[in-house]
Amino acid sequence: MIGFGKSRVESLSDCIFAFSMTLLVIAIEVPVFNPGMTESDLAASLIARIPDLVHYIIAFLVIAVIWVIHHVQFQKFRVVDHTLLWMNIISLLFIALLPFSTDLAGDFPTFTLPAMIFEANLLVPGVIFYLEWEYATGNPRLIEPSVSENMVRSGRYLALVIPALSGIAFVIAAAGITGSILVYALVPFIFLFLYYYQGTSRPVSRE
């Protein structure tokens with residue numbers, strides 16, 4: 001069998017995902033107390049942080065969905081070869097960058113460029129995860145024999161959720177329309193529909 005164990009790749013991936021999800025909350029700064037500050041001042045300061053909070057919630061949920069997609073994919077892999085390994089590492093590079101792009105988009109909610117950077121930051125790893133799935137399922141030595149053709153097709157649809165929505169959000173942001181990040185509010189609903197829609201059929205040919 002060509003390839004090597006996937007456990008260490010999964011461990012590294014889990015750590016990067018967990019670290020990135022945790023760092024997201026740092027973008028939401030606690031208001032600084034000033035002498036003479038009133039409840040109204042505090043309320044105004046908290047309201048000013050609503051864009052950061054919205055970006056945090058959406059980014060956290062999107063990363064969680066990406067992690068689940070990653071987890072589902074690796075459950076179906078028997079081994080990992082060097083191509084799959086480096087594809088995964090490159091995707092993790094962009095996952096680790098998400099706290100920065102989320103903070104940037106939250107600090108400049110009406111600007112076009114930060115929104116485009118955030119959407120591109122999600123688009124790239126989403127595309128890579130899709131390519132990982134296509135590569136692995138096209139190589140019988142990497143995929144579990146029990147994976148059916150329907151599972152391959154459903155996995156493809158799952159992997160396309162993030163890049164498809166990121167592409168749409170990127171175009172909306174590039175058009176100068178604010179609030180493009182709200183497109184990602186659809187992610188959990190689309191993901192749950194596709195995830196529970198998965199079925200089984202005959203196994204993928206190993207010849």
# chains A, B, ... in the order shown; residues from 1 in each chain; ligands from 1
$ residues_around --residues "A:Asp103" --least-positions-apart "6" --cutoff "12 Å" --atoms "only C-alpha atoms" --output "list of chain:residue names"
A:Ser20, A:Leu23, A:Leu24, A:Val25, A:Ile26, A:Ala27, A:Ile28, A:Glu29, A:Arg49, A:Pro51, A:Asp52, A:Leu53, A:Val54, A:His55, A:Tyr56, A:Ile57, A:Ala59, A:Leu97, A:Pro109, A:Pro114, A:Ala115, A:Ile117, A:Phe118
$ closest_residue --among "A:Val161, A:Ile143, A:Val79, A:Ile58" --to "A:Gly126" --atoms "only C-alpha atoms"
A:Val161
$ closest_residue --among "A:Leu186, A:Ile177, A:Ile47, A:Ile69" --to "A:Ser154" --atoms "only C-alpha atoms"
A:Ile69
$ atom_distance --atom1 "atom CA of A:Glu149" --atom2 "atom CA of A:Lys76"
12.3 Å
$ select_by_dssp --residues "stretch 8-122 of chain A" --states "alpha helix (DSSP H)" --output "JSON, numbers by chain"
{"A": [8, 9, 10, 11, 12, 13, 14, 15, 16, 17, 18, 19, 20, 21, 22, 23, 39, 40, 41, 42, 43, 44, 45, 46, 47, 48, 50, 51, 52, 53, 54, 55, 56, 57, 58, 59, 60, 61, 62, 63, 64, 65, 66, 67, 68, 69, 70, 71, 72, 73, 74, 75, 76, 82, 83, 84, 85, 86, 87, 88, 89, 90, 91, 92, 93, 94, 95, 96, 97, 98, 99, 100, 101, 102, 103, 104, 105, 106, 107, 112, 113, 114, 115, 116, 117, 118, 119, 120, 121, 122]}
$ atom_distance --atom1 "atom CA of A:Ser166" --atom2 "atom CA of A:Val183"
8.1 Å
$ atom_distance --atom1 "atom CA of A:Thr178" --atom2 "atom CA of A:Phe17"
27.5 Å
$ closest_residue --among "A:Leu42, A:Thr112, A:Val72, A:Leu61" --to "A:Gly179" --atoms "only C-alpha atoms"
A:Thr112
